[in-house]
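Enquirer: This is the content of run_27.cif (mmCIF, C-alpha atoms):
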```cif
data_target
loop_
_atom_site.group_PDB
_atom_site.id
_atom_site.type_symbol
_atom_site.label_atom_id
_atom_site.label_comp_id
_atom_site.auth_asym_id
_atom_site.auth_seq_id
_atom_site.Cartn_x
_atom_site.Cartn_y
_atom_site.Cartn_z
ATOM 1 C CA MET A 3 -22.870 -86.451 -3.278
ATOM 2 C CA PRO A 4 -24.267 -83.624 -1.157
ATOM 3 C CA ASN A 5 -28.042 -83.456 -0.649
ATOM 4 C CA ARG A 6 -29.866 -81.059 -2.938
ATOM 5 C CA PRO A 7 -30.982 -77.992 -0.912
ATOM 6 C CA THR A 8 -34.727 -77.522 -0.515
ATOM 7 C CA LEU A 9 -36.546 -74.205 -0.806
ATOM 8 C CA ALA A 10 -36.765 -74.006 2.983
ATOM 9 C CA ASP A 11 -32.961 -74.368 3.247
ATOM 10 C CA LEU A 12 -32.180 -71.462 0.918
ATOM 11 C CA ASN A 13 -31.592 -68.043 2.386
ATOM 12 C CA TRP A 14 -33.149 -65.362 0.171
ATOM 13 C CA ASN A 15 -30.804 -62.690 1.499
ATOM 14 C CA LEU A 16 -27.802 -64.805 0.492
ATOM 15 C CA LEU A 17 -29.259 -65.274 -2.996
ATOM 16 C CA ARG A 18 -29.840 -61.526 -3.304
ATOM 17 C CA ASN A 19 -26.290 -60.767 -2.143
ATOM 18 C CA PHE A 20 -24.903 -63.206 -4.687
ATOM 19 C CA CYS A 21 -26.966 -61.608 -7.446
ATOM 20 C CA ILE A 22 -25.511 -58.189 -6.566
ATOM 21 C CA ILE A 23 -21.979 -59.640 -6.510
ATOM 22 C CA ALA A 24 -22.501 -60.994 -10.016
ATOM 23 C CA GLU A 25 -23.996 -57.742 -11.291
ATOM 24 C CA GLU A 26 -21.228 -55.611 -9.773
ATOM 25 C CA GLU A 27 -18.573 -58.147 -10.828
ATOM 26 C CA GLY A 28 -16.784 -58.104 -7.505
ATOM 27 C CA ILE A 29 -17.033 -58.278 -3.722
ATOM 28 C CA THR A 30 -15.832 -54.710 -3.125
ATOM 29 C CA ARG A 31 -18.338 -53.013 -5.418
ATOM 30 C CA ALA A 32 -21.140 -55.262 -4.160
ATOM 31 C CA ALA A 33 -20.328 -54.303 -0.549
ATOM 32 C CA ARG A 34 -20.417 -50.634 -1.495
ATOM 33 C CA ARG A 35 -23.794 -51.000 -3.255
ATOM 34 C CA LEU A 36 -25.308 -52.939 -0.349
ATOM 35 C CA ASN A 37 -23.735 -50.630 2.229
ATOM 36 C CA MET A 38 -22.119 -53.596 3.942
ATOM 37 C CA SER A 39 -18.552 -54.471 4.849
ATOM 38 C CA GLN A 40 -16.460 -56.499 2.424
ATOM 39 C CA PRO A 41 -15.890 -59.353 4.951
ATOM 40 C CA SER A 42 -19.663 -59.628 5.461
ATOM 41 C CA ILE A 43 -20.227 -59.990 1.715
ATOM 42 C CA SER A 44 -17.462 -62.578 1.434
ATOM 43 C CA LEU A 45 -18.953 -64.532 4.341
ATOM 44 C CA ALA A 46 -22.416 -64.413 2.743
ATOM 45 C CA LEU A 47 -21.005 -65.813 -0.505
ATOM 46 C CA GLN A 48 -19.239 -68.580 1.395
ATOM 47 C CA LYS A 49 -22.424 -69.547 3.268
ATOM 48 C CA LEU A 50 -24.417 -69.723 0.041
ATOM 49 C CA GLU A 51 -21.800 -71.937 -1.583
ATOM 50 C CA GLU A 52 -21.934 -74.220 1.435
ATOM 51 C CA GLN A 53 -25.722 -74.411 1.252
ATOM 52 C CA LEU A 54 -25.660 -75.177 -2.457
ATOM 53 C CA GLY A 55 -22.654 -77.483 -2.254
ATOM 54 C CA CYS A 56 -20.864 -75.903 -5.199
ATOM 55 C CA GLN A 57 -18.450 -73.091 -6.019
ATOM 56 C CA LEU A 58 -20.027 -69.975 -7.524
ATOM 57 C CA VAL A 59 -17.044 -67.631 -8.013
ATOM 58 C CA PHE A 60 -13.473 -68.403 -9.076
ATOM 59 C CA ARG A 61 -11.014 -67.582 -6.279
ATOM 60 C CA GLY A 62 -7.554 -66.152 -6.788
ATOM 61 C CA SER A 63 -8.256 -64.797 -10.259
ATOM 62 C CA ARG A 64 -7.111 -61.293 -11.154
ATOM 63 C CA HIS A 65 -10.399 -60.801 -13.003
ATOM 64 C CA PHE A 66 -13.815 -61.533 -11.520
ATOM 65 C CA ALA A 67 -15.537 -64.535 -13.064
ATOM 66 C CA LEU A 68 -18.414 -66.826 -12.202
ATOM 67 C CA THR A 69 -18.099 -70.561 -12.480
ATOM 68 C CA LEU A 70 -20.357 -72.317 -14.989
ATOM 69 C CA ARG A 71 -22.725 -73.300 -12.181
ATOM 70 C CA GLY A 72 -22.433 -69.818 -10.721
ATOM 71 C CA GLU A 73 -23.527 -68.284 -14.029
ATOM 72 C CA LYS A 74 -26.558 -70.567 -14.284
ATOM 73 C CA ILE A 75 -27.557 -69.948 -10.664
ATOM 74 C CA TYR A 76 -27.116 -66.192 -11.158
ATOM 75 C CA GLN A 77 -29.538 -66.254 -14.097
ATOM 76 C CA GLU A 78 -32.121 -68.012 -11.930
ATOM 77 C CA CYS A 79 -31.537 -65.592 -9.040
ATOM 78 C CA ALA A 80 -31.917 -62.594 -11.350
ATOM 79 C CA GLU A 81 -35.221 -63.932 -12.673
ATOM 80 C CA MET A 82 -36.488 -64.544 -9.130
ATOM 81 C CA LEU A 83 -35.636 -61.001 -8.099
ATOM 82 C CA ARG A 84 -37.382 -59.633 -11.183
ATOM 83 C CA SER A 85 -40.446 -61.660 -10.194
ATOM 84 C CA VAL A 86 -40.309 -60.172 -6.713
ATOM 85 C CA ASP A 87 -40.166 -56.689 -8.258
ATOM 86 C CA ARG A 88 -43.186 -57.494 -10.417
ATOM 87 C CA ILE A 89 -45.073 -58.714 -7.353
ATOM 88 C CA GLY A 90 -44.365 -55.371 -5.712
ATOM 89 C CA ILE A 91 -45.684 -53.493 -8.732
ATOM 90 C CA LEU A 92 -48.811 -55.658 -8.927
ATOM 91 C CA SER A 93 -49.510 -55.105 -5.238
ATOM 92 C CA GLU A 94 -49.665 -51.359 -5.926
ATOM 93 C CA ASP A 95 -52.241 -51.743 -8.718
ATOM 94 C CA ARG A 96 -55.627 -50.799 -7.298
ATOM 95 C CA ASN A 97 -57.696 -51.356 -10.467
ATOM 96 C CA ASP A 98 -58.864 -54.835 -9.548
ATOM 97 C CA GLU A 99 -60.091 -53.613 -6.161
ATOM 98 C CA GLU A 100 -63.107 -52.183 -7.967
ATOM 99 C CA PHE A 101 -65.681 -54.918 -8.498
ATOM 100 C CA GLY A 102 -69.370 -55.331 -9.173
ATOM 101 C CA GLU A 103 -71.627 -55.394 -12.225
ATOM 102 C CA LEU A 104 -72.456 -52.692 -14.724
ATOM 103 C CA ARG A 105 -75.881 -53.084 -16.324
ATOM 104 C CA LEU A 106 -76.272 -51.145 -19.549
ATOM 105 C CA SER A 107 -79.220 -51.039 -21.963
ATOM 106 C CA VAL A 108 -78.399 -50.127 -25.575
ATOM 107 C CA ILE A 109 -80.335 -49.754 -28.789
ATOM 108 C CA SER A 110 -79.850 -52.546 -31.309
ATOM 109 C CA ARG A 111 -76.955 -52.378 -33.755
ATOM 110 C CA LEU A 112 -75.416 -49.373 -32.035
ATOM 111 C CA ARG A 113 -72.302 -48.252 -33.917
ATOM 112 C CA SER A 114 -70.248 -45.716 -31.989
ATOM 113 C CA PRO A 115 -66.481 -45.143 -31.702
ATOM 114 C CA LEU A 116 -67.252 -43.257 -28.473
ATOM 115 C CA VAL A 117 -69.016 -46.199 -26.828
ATOM 116 C CA ASP A 118 -66.447 -48.686 -28.149
ATOM 117 C CA GLU A 119 -63.583 -46.661 -26.682
ATOM 118 C CA ALA A 120 -65.458 -46.239 -23.396
ATOM 119 C CA LEU A 121 -65.877 -50.018 -23.064
ATOM 120 C CA ARG A 122 -62.228 -50.663 -23.924
ATOM 121 C CA LEU A 123 -60.862 -48.079 -21.519
ATOM 122 C CA TYR A 124 -63.334 -48.977 -18.761
ATOM 123 C CA HIS A 125 -62.306 -52.633 -18.794
ATOM 124 C CA GLN A 126 -58.651 -51.626 -18.836
ATOM 125 C CA ARG A 127 -59.133 -49.505 -15.723
ATOM 126 C CA TYR A 128 -61.583 -51.750 -13.867
ATOM 127 C CA PRO A 129 -61.028 -55.349 -15.038
ATOM 128 C CA SER A 130 -62.904 -56.883 -12.105
ATOM 129 C CA ILE A 131 -66.189 -55.163 -12.957
ATOM 130 C CA SER A 132 -68.397 -57.421 -15.090
ATOM 131 C CA TRP A 133 -70.747 -56.161 -17.803
ATOM 132 C CA ARG A 134 -74.373 -56.966 -18.530
ATOM 133 C CA ILE A 135 -75.442 -55.377 -21.799
ATOM 134 C CA GLU A 136 -79.085 -55.710 -22.822
ATOM 135 C CA VAL A 137 -80.456 -54.709 -26.222
ATOM 136 C CA GLN A 138 -83.672 -52.723 -25.841
ATOM 137 C CA ASN A 139 -85.471 -50.076 -27.838
ATOM 138 C CA SER A 140 -85.547 -46.588 -26.399
ATOM 139 C CA LEU A 141 -89.128 -46.903 -25.166
ATOM 140 C CA GLU A 142 -88.320 -50.029 -23.135
ATOM 141 C CA THR A 143 -85.198 -48.423 -21.674
ATOM 142 C CA VAL A 144 -87.010 -45.250 -20.645
ATOM 143 C CA ARG A 145 -89.878 -47.216 -19.113
ATOM 144 C CA ARG A 146 -87.584 -49.466 -17.097
ATOM 145 C CA ILE A 147 -85.358 -46.700 -15.748
ATOM 146 C CA THR A 148 -88.367 -44.489 -14.975
ATOM 147 C CA GLN A 149 -90.186 -47.276 -13.113
ATOM 148 C CA GLU A 150 -87.256 -48.962 -11.376
ATOM 149 C CA LYS A 151 -85.252 -45.768 -10.743
ATOM 150 C CA THR A 152 -82.092 -47.793 -11.447
ATOM 151 C CA GLY A 153 -79.789 -48.600 -14.333
ATOM 152 C CA ILE A 154 -78.366 -46.626 -17.215
ATOM 153 C CA GLY A 155 -79.141 -46.795 -20.898
ATOM 154 C CA ILE A 156 -78.103 -45.501 -24.298
ATOM 155 C CA CYS A 157 -81.060 -44.626 -26.475
ATOM 156 C CA LEU A 158 -82.476 -42.364 -29.154
ATOM 157 C CA LEU A 159 -84.608 -39.408 -28.088
ATOM 158 C CA THR A 160 -86.160 -36.518 -29.927
ATOM 159 C CA LYS A 161 -85.194 -34.294 -26.974
ATOM 160 C CA PRO A 162 -84.077 -34.637 -23.316
ATOM 161 C CA MET A 163 -86.808 -35.890 -20.978
ATOM 162 C CA ILE A 164 -87.797 -33.956 -17.854
ATOM 163 C CA ASN A 165 -87.935 -36.971 -15.520
ATOM 164 C CA LEU A 166 -84.582 -38.421 -16.613
ATOM 165 C CA GLU A 167 -80.978 -37.302 -16.568
ATOM 166 C CA CYS A 168 -80.079 -37.139 -20.261
ATOM 167 C CA ARG A 169 -76.529 -36.619 -21.489
ATOM 168 C CA HIS A 170 -76.090 -36.061 -25.194
ATOM 169 C CA LEU A 171 -73.471 -38.394 -26.670
ATOM 170 C CA PHE A 172 -73.603 -37.973 -30.436
ATOM 171 C CA ARG A 173 -75.895 -37.554 -33.420
ATOM 172 C CA GLU A 174 -76.695 -40.605 -35.487
ATOM 173 C CA GLU A 175 -77.376 -40.367 -39.202
ATOM 174 C CA PHE A 176 -80.425 -42.171 -40.595
ATOM 175 C CA GLY A 177 -81.568 -42.962 -44.081
ATOM 176 C CA VAL A 178 -84.454 -44.500 -45.992
ATOM 177 C CA PHE A 179 -83.664 -47.901 -47.524
ATOM 178 C CA CYS A 180 -85.249 -50.485 -49.745
ATOM 179 C CA GLY A 181 -84.322 -54.052 -50.669
ATOM 180 C CA ALA A 182 -83.149 -55.508 -53.964
ATOM 181 C CA GLU A 183 -86.701 -56.677 -54.770
ATOM 182 C CA HIS A 184 -88.122 -53.154 -54.522
ATOM 183 C CA PRO A 185 -88.835 -51.234 -57.750
ATOM 184 C CA LEU A 186 -86.913 -48.191 -56.444
ATOM 185 C CA PHE A 187 -83.724 -50.233 -55.966
ATOM 186 C CA GLY A 188 -80.841 -48.577 -57.845
ATOM 187 C CA GLN A 189 -82.373 -45.127 -58.224
ATOM 188 C CA THR A 190 -79.827 -42.450 -57.367
ATOM 189 C CA GLU A 191 -82.291 -39.866 -56.102
ATOM 190 C CA VAL A 192 -85.938 -39.824 -55.070
ATOM 191 C CA SER A 193 -88.257 -37.330 -53.421
ATOM 192 C CA ALA A 194 -90.251 -37.801 -50.264
ATOM 193 C CA ARG A 195 -93.421 -37.432 -52.326
ATOM 194 C CA GLU A 196 -92.528 -40.578 -54.279
ATOM 195 C CA LEU A 197 -92.246 -42.540 -51.024
ATOM 196 C CA VAL A 198 -95.464 -41.458 -49.317
ATOM 197 C CA GLN A 199 -97.573 -44.324 -50.655
ATOM 198 C CA GLU A 200 -94.886 -46.975 -50.366
ATOM 199 C CA PRO A 201 -95.462 -49.823 -47.879
ATOM 200 C CA PHE A 202 -93.410 -49.111 -44.772
ATOM 201 C CA VAL A 203 -91.519 -51.433 -42.427
ATOM 202 C CA THR A 204 -91.171 -49.883 -38.990
ATOM 203 C CA PHE A 205 -89.986 -50.534 -35.464
ATOM 204 C CA THR A 206 -92.768 -51.706 -33.158
ATOM 205 C CA CYS A 207 -91.926 -48.985 -30.657
ATOM 206 C CA ALA A 208 -92.734 -46.380 -33.300
ATOM 207 C CA THR A 209 -96.357 -47.574 -33.283
ATOM 208 C CA GLU A 210 -96.793 -47.778 -29.499
ATOM 209 C CA GLY A 211 -97.240 -44.083 -28.835
ATOM 210 C CA MET A 212 -95.606 -41.843 -26.199
ATOM 211 C CA GLY A 213 -93.537 -40.194 -28.936
ATOM 212 C CA LEU A 214 -90.227 -41.322 -27.487
ATOM 213 C CA GLU A 215 -88.676 -42.841 -30.583
ATOM 214 C CA PRO A 216 -87.098 -40.460 -33.121
ATOM 215 C CA MET A 217 -88.306 -42.997 -35.697
ATOM 216 C CA ILE A 218 -91.772 -41.524 -35.222
ATOM 217 C CA MET A 219 -90.527 -38.001 -35.822
ATOM 218 C CA LEU A 220 -88.429 -39.038 -38.823
ATOM 219 C CA ARG A 221 -91.209 -41.068 -40.361
ATOM 220 C CA ASP A 222 -93.982 -38.538 -39.774
ATOM 221 C CA GLY A 223 -91.748 -35.658 -40.809
ATOM 222 C CA LEU A 224 -91.384 -37.252 -44.227
ATOM 223 C CA GLY A 225 -95.043 -38.251 -44.417
ATOM 224 C CA LEU A 226 -94.123 -41.932 -44.562
ATOM 225 C CA GLY A 227 -95.733 -44.907 -42.926
ATOM 226 C CA ARG A 228 -99.342 -44.477 -43.975
ATOM 227 C CA ARG A 229 -99.264 -48.123 -45.037
ATOM 228 C CA ILE A 230 -97.441 -50.280 -42.465
ATOM 229 C CA SER A 231 -96.472 -53.580 -44.083
ATOM 230 C CA GLY A 232 -94.404 -54.973 -41.217
ATOM 231 C CA SER A 233 -93.021 -54.146 -37.789
ATOM 232 C CA SER A 234 -90.608 -55.565 -35.205
ATOM 233 C CA HIS A 235 -88.666 -54.415 -32.156
ATOM 234 C CA ASP A 236 -85.509 -56.064 -33.554
ATOM 235 C CA THR A 237 -83.288 -54.431 -36.172
ATOM 236 C CA GLU A 238 -82.395 -57.809 -37.688
ATOM 237 C CA GLU A 239 -86.051 -58.563 -38.402
ATOM 238 C CA ILE A 240 -86.607 -55.073 -39.823
ATOM 239 C CA LEU A 241 -83.702 -55.748 -42.173
ATOM 240 C CA ARG A 242 -85.113 -59.133 -43.129
ATOM 241 C CA MET A 243 -88.444 -57.620 -44.129
ATOM 242 C CA ILE A 244 -86.907 -54.734 -46.082
ATOM 243 C CA VAL A 245 -84.510 -57.049 -47.931
ATOM 244 C CA ALA A 246 -87.455 -59.349 -48.736
ATOM 245 C CA GLY A 247 -89.155 -56.431 -50.498
ATOM 246 C CA MET A 248 -91.998 -55.937 -48.018
ATOM 247 C CA GLY A 249 -91.465 -52.186 -47.963
ATOM 248 C CA ILE A 250 -89.096 -49.306 -47.324
ATOM 249 C CA GLY A 251 -87.778 -48.391 -43.897
ATOM 250 C CA ILE A 252 -85.704 -45.908 -41.906
ATOM 251 C CA LEU A 253 -82.435 -47.306 -40.513
ATOM 252 C CA PRO A 254 -79.237 -45.973 -38.913
ATOM 253 C CA VAL A 255 -76.687 -45.571 -41.715
ATOM 254 C CA ASP A 256 -73.610 -46.807 -39.856
ATOM 255 C CA ALA A 257 -75.379 -49.956 -38.664
ATOM 256 C CA ILE A 258 -76.146 -51.399 -42.101
ATOM 257 C CA THR A 259 -73.050 -50.586 -44.170
ATOM 258 C CA GLU A 260 -72.366 -54.280 -44.833
ATOM 259 C CA GLU A 261 -75.870 -54.853 -46.196
ATOM 260 C CA VAL A 262 -75.544 -51.833 -48.489
ATOM 261 C CA GLU A 263 -72.087 -52.878 -49.724
ATOM 262 C CA SER A 264 -73.292 -56.428 -50.391
ATOM 263 C CA GLY A 265 -76.214 -55.151 -52.479
ATOM 264 C CA HIS A 266 -78.996 -56.321 -50.184
ATOM 265 C CA LEU A 267 -80.076 -52.772 -49.315
ATOM 266 C CA TRP A 268 -80.226 -49.585 -51.338
ATOM 267 C CA PRO A 269 -80.150 -46.058 -49.846
ATOM 268 C CA LEU A 270 -82.985 -43.928 -51.191
ATOM 269 C CA ARG A 271 -81.229 -40.562 -51.211
ATOM 270 C CA LEU A 272 -83.747 -37.812 -50.720
ATOM 271 C CA VAL A 273 -83.549 -34.345 -52.212
ATOM 272 C CA GLU A 274 -84.306 -32.952 -48.750
ATOM 273 C CA GLN A 275 -81.675 -32.587 -46.033
ATOM 274 C CA PRO A 276 -80.236 -35.735 -44.414
ATOM 275 C CA LEU A 277 -82.061 -37.400 -41.533
ATOM 276 C CA GLY A 278 -80.584 -37.533 -38.066
ATOM 277 C CA ALA A 279 -81.402 -38.312 -34.452
ATOM 278 C CA ASP A 280 -79.650 -37.781 -31.134
ATOM 279 C CA VAL A 281 -78.235 -40.536 -28.941
ATOM 280 C CA TYR A 282 -78.360 -39.961 -25.179
ATOM 281 C CA LEU A 283 -77.080 -41.645 -22.054
ATOM 282 C CA VAL A 284 -80.035 -41.739 -19.655
ATOM 283 C CA TYR A 285 -80.455 -42.592 -15.974
ATOM 284 C CA SER A 286 -82.741 -41.663 -13.105
ATOM 285 C CA PRO A 287 -82.012 -38.444 -11.190
ATOM 286 C CA PHE A 288 -84.003 -39.751 -8.203
ATOM 287 C CA SER A 289 -81.537 -42.410 -7.051
ATOM 288 C CA GLN A 290 -77.773 -42.560 -6.685
ATOM 289 C CA LEU A 291 -75.834 -44.383 -9.357
ATOM 290 C CA THR A 292 -73.907 -47.458 -8.326
ATOM 291 C CA ALA A 293 -70.114 -47.120 -8.213
ATOM 292 C CA PRO A 294 -69.656 -48.985 -11.541
ATOM 293 C CA GLU A 295 -72.345 -46.841 -13.196
ATOM 294 C CA GLN A 296 -70.863 -43.575 -11.919
ATOM 295 C CA LYS A 297 -67.440 -44.564 -13.232
ATOM 296 C CA PHE A 298 -68.933 -45.227 -16.670
ATOM 297 C CA VAL A 299 -70.716 -41.864 -16.715
ATOM 298 C CA ASP A 300 -67.519 -40.100 -15.634
ATOM 299 C CA LEU A 301 -65.514 -41.930 -18.293
ATOM 300 C CA LEU A 302 -67.911 -40.867 -21.046
ATOM 301 C CA ASP A 303 -67.618 -37.258 -19.855
ATOM 302 C CA GLU A 304 -63.838 -37.597 -19.905
ATOM 303 C CA LEU A 305 -63.811 -38.945 -23.468
ATOM 304 C CA LEU A 306 -66.201 -36.282 -24.734
ATOM 305 C CA LYS A 307 -63.906 -33.575 -23.374
ATOM 306 C CA LEU A 308 -60.818 -35.211 -24.848
ATOM 307 C CA TYR A 309 -62.395 -36.048 -28.216
ATOM 308 C CA PRO A 310 -65.239 -33.610 -28.926
ATOM 309 C CA GLU A 311 -65.295 -34.804 -32.541
ATOM 310 C CA MET A 312 -66.857 -38.063 -31.294
ATOM 311 C CA SER A 313 -70.031 -36.236 -30.231
#
```
Once you've parsed the file, please lay out its structure as structure tokens.
Expert:
Amino acid sequence: MPNRPTLADLNWNLLRNFCIIAEEEGITRAARRLNMSQPSISLALQKLEEQLGCQLVFRGSRHFALTLRGEKIYQECAEMLRSVDRIGILSEDRNDEEFGELRLSVISRLRSPLVDEALRLYHQRYPSISWRIEVQNSLETVRRITQEKTGIGICLLTKPMINLECRHLFREEFGVFCGAEHPLFGQTEVSARELVQEPFVTFTCATEGMGLEPMIMLRDGLGLGRRISGSSHDTEEILRMIVAGMGIGILPVDAITEEVESGHLWPLRLVEQPLGADVYLVYSPFSQLTAPEQKFVDLLDELLKLYPEMS
């Protein structure tokens, strides 16, 4: 019994020639495709058979045919060549040559098809860049970027700030809500006047001054919040207090759809026009963005041009 050939014994050129012979179903056509002489192709086939110790092609037949072993070996050769082709394609892919970390600050419970699509497409293009997403209120984000002169954030602002680069992303709809324990639960329509004296649950940042949070503008514009019954920097805790009946509160509509559908929250629809606030991407104009950050900014610009309805 002949010794089984090792990987080092096999000649890849002979395997490739044999694969072409099988695909072209003949020595003559294979020689033409490889731009080689017919005797050279025949000799290559003979050498491979000697290395493998088995016959690959039936001789003397009027029609080309592989032996049973030849057919099995051809299938393996074809798969190897396909793998080599895939290696060539992968070597041309430059996406994974981009690496680093992207640090992004976002407001809690942000719901945005624009941001979701940006994350999906960004990871698809730059899979070797890792993400670090931190949940912060707008005041914390603005303070950090202003002081550190680094990082990017997505936050709510009443208007663009002079000392920051602010790119408008979209407008977020807000509403006034109460919990199931509140006496106004279930009412289809109320006026702002009815809500003025109601205990109010608010975000901590809306009581810290500086006027950065649109919550302040929304609350004061309606005349609400004269009696603060609870506050927190976290949306989950704001929800907990409103659901518990501690007071009414202003929340982003898209972020609490599940709570409304489950009956834990009730939207207090005002006679006045709907509430809204603008969401911005912010970063410092006094320092250069990192490569991962610049790519994210550019990608958001690209998506806003392609899908203006997302803004």
Enquirer: Considering all atoms listed in the file, return as number ranges by chain whatever protein or nucleic-acid residues lie within 10 Å of range 233-241 of chain A, sequence-local ones (same chain, fewer than 4 positions apart) excluded.
Expert: A: 109-111, 137-139, 179-181, 202-209, 245-254, 257-258, 261, 266-267
Enquirer: So, counting all atoms listed in the file, which residue among A:Gly72, A:Gly90, A:Leu16, A:Arg173 is closest to Leu45 in chain A?
Expert: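 Checking each candidate against Leu45 in chain A, we get A:Leu16 as the closest.
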Enquirer: At what distance in Å, to one decimal, does CA of Ser42 in chain A lie from CA of Ala67 in chain A?
Expert: 19.6 Å
Enquirer: Could you give me the centre and size, in Å to one decimal, of an axis-aligned box around all listed atoms of range 238-251 of chain A with 3 Å added on every side, as AutoDock Vina command-line options?
Expert:
```
--center_x -87.2 --center_y -53.9 --center_z -44.1 --size_x 15.6 --size_y 17.0 --size_z 18.8
```
Enquirer: Env of Ala46 in chain A: 8 Å cut, atoms = all atoms listed in the file, seq-sep filter 2 positions within chain, self excluded. Answer as a list in words.
Expert: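 Neighbouring residues, sequence-local ones excluded: Leu16, Asn19, Phe20, Ser42, Ile43, Ser44, Gln48, Lys49 and Leu50 of chain A.
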Enquirer: Using the selection just defined, write its residues with C-alpha atoms as a PDB file, keeping the file's coordinate frame.
Expert:
```pdb
ATOM      1  CA  LEU A  16     -27.802 -64.805   0.492  1.00  0.00           C
ATOM      2  CA  ASN A  19     -26.290 -60.767  -2.143  1.00  0.00           C
ATOM      3  CA  PHE A  20     -24.903 -63.206  -4.687  1.00  0.00           C
ATOM      4  CA  SER A  42     -19.663 -59.628   5.461  1.00  0.00           C
ATOM      5  CA  ILE A  43     -20.227 -59.990   1.715  1.00  0.00           C
ATOM      6  CA  SER A  44     -17.462 -62.578   1.434  1.00  0.00           C
ATOM      7  CA  GLN A  48     -19.239 -68.580   1.395  1.00  0.00           C
ATOM      8  CA  LYS A  49     -22.424 -69.547   3.268  1.00  0.00           C
ATOM      9  CA  LEU A  50     -24.417 -69.723   0.041  1.00  0.00           C
TER      10      LEU A  50
END
```
Enquirer: May I ask for the distance between CA of Ser289 in chain A and CA of Glu174 in chain A, given in Å to one decimal place?
Expert: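 If I compute the distance from CA of Ser289 in chain A to CA of Glu174 in chain A, I get 28.9 Å.
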Enquirer: Which residues are close to range 25-30 of chain A, i.e. within 12 Å by all atoms listed in the file, leaving aside same-chain residues fewer than 6 positions away? Reply as a VMD selection string.
Expert: chain A and resid 18 to 19 36 to 48 59 to 61 63 to 68 73 76 to 77 79 to 80
Enquirer: Take CA of Glu100 in chain A and CA of Asp303 in chain A and report the distance between them in Å, one decimal.
Expert: 19.6 Å
Enquirer: Counting only C-alpha atoms, select every polymer residue within 12 Å of (-74.3, -45.0, -23.0) as defined in the file's coordinates, and provide the selection as number ranges by chain.
Expert: A: 104-109, 112-121, 135-137, 140, 143, 153-158, 168-172, 281-285, 295-303
Enquirer: I'd like to see the residues matched by the PyMOL selection byres ((chain A and resi 196-199) around 9) on this file, and ideally I'd get them as a PyMOL selection string.
Expert: chain A and resi 192-195+200-202+224-229+250
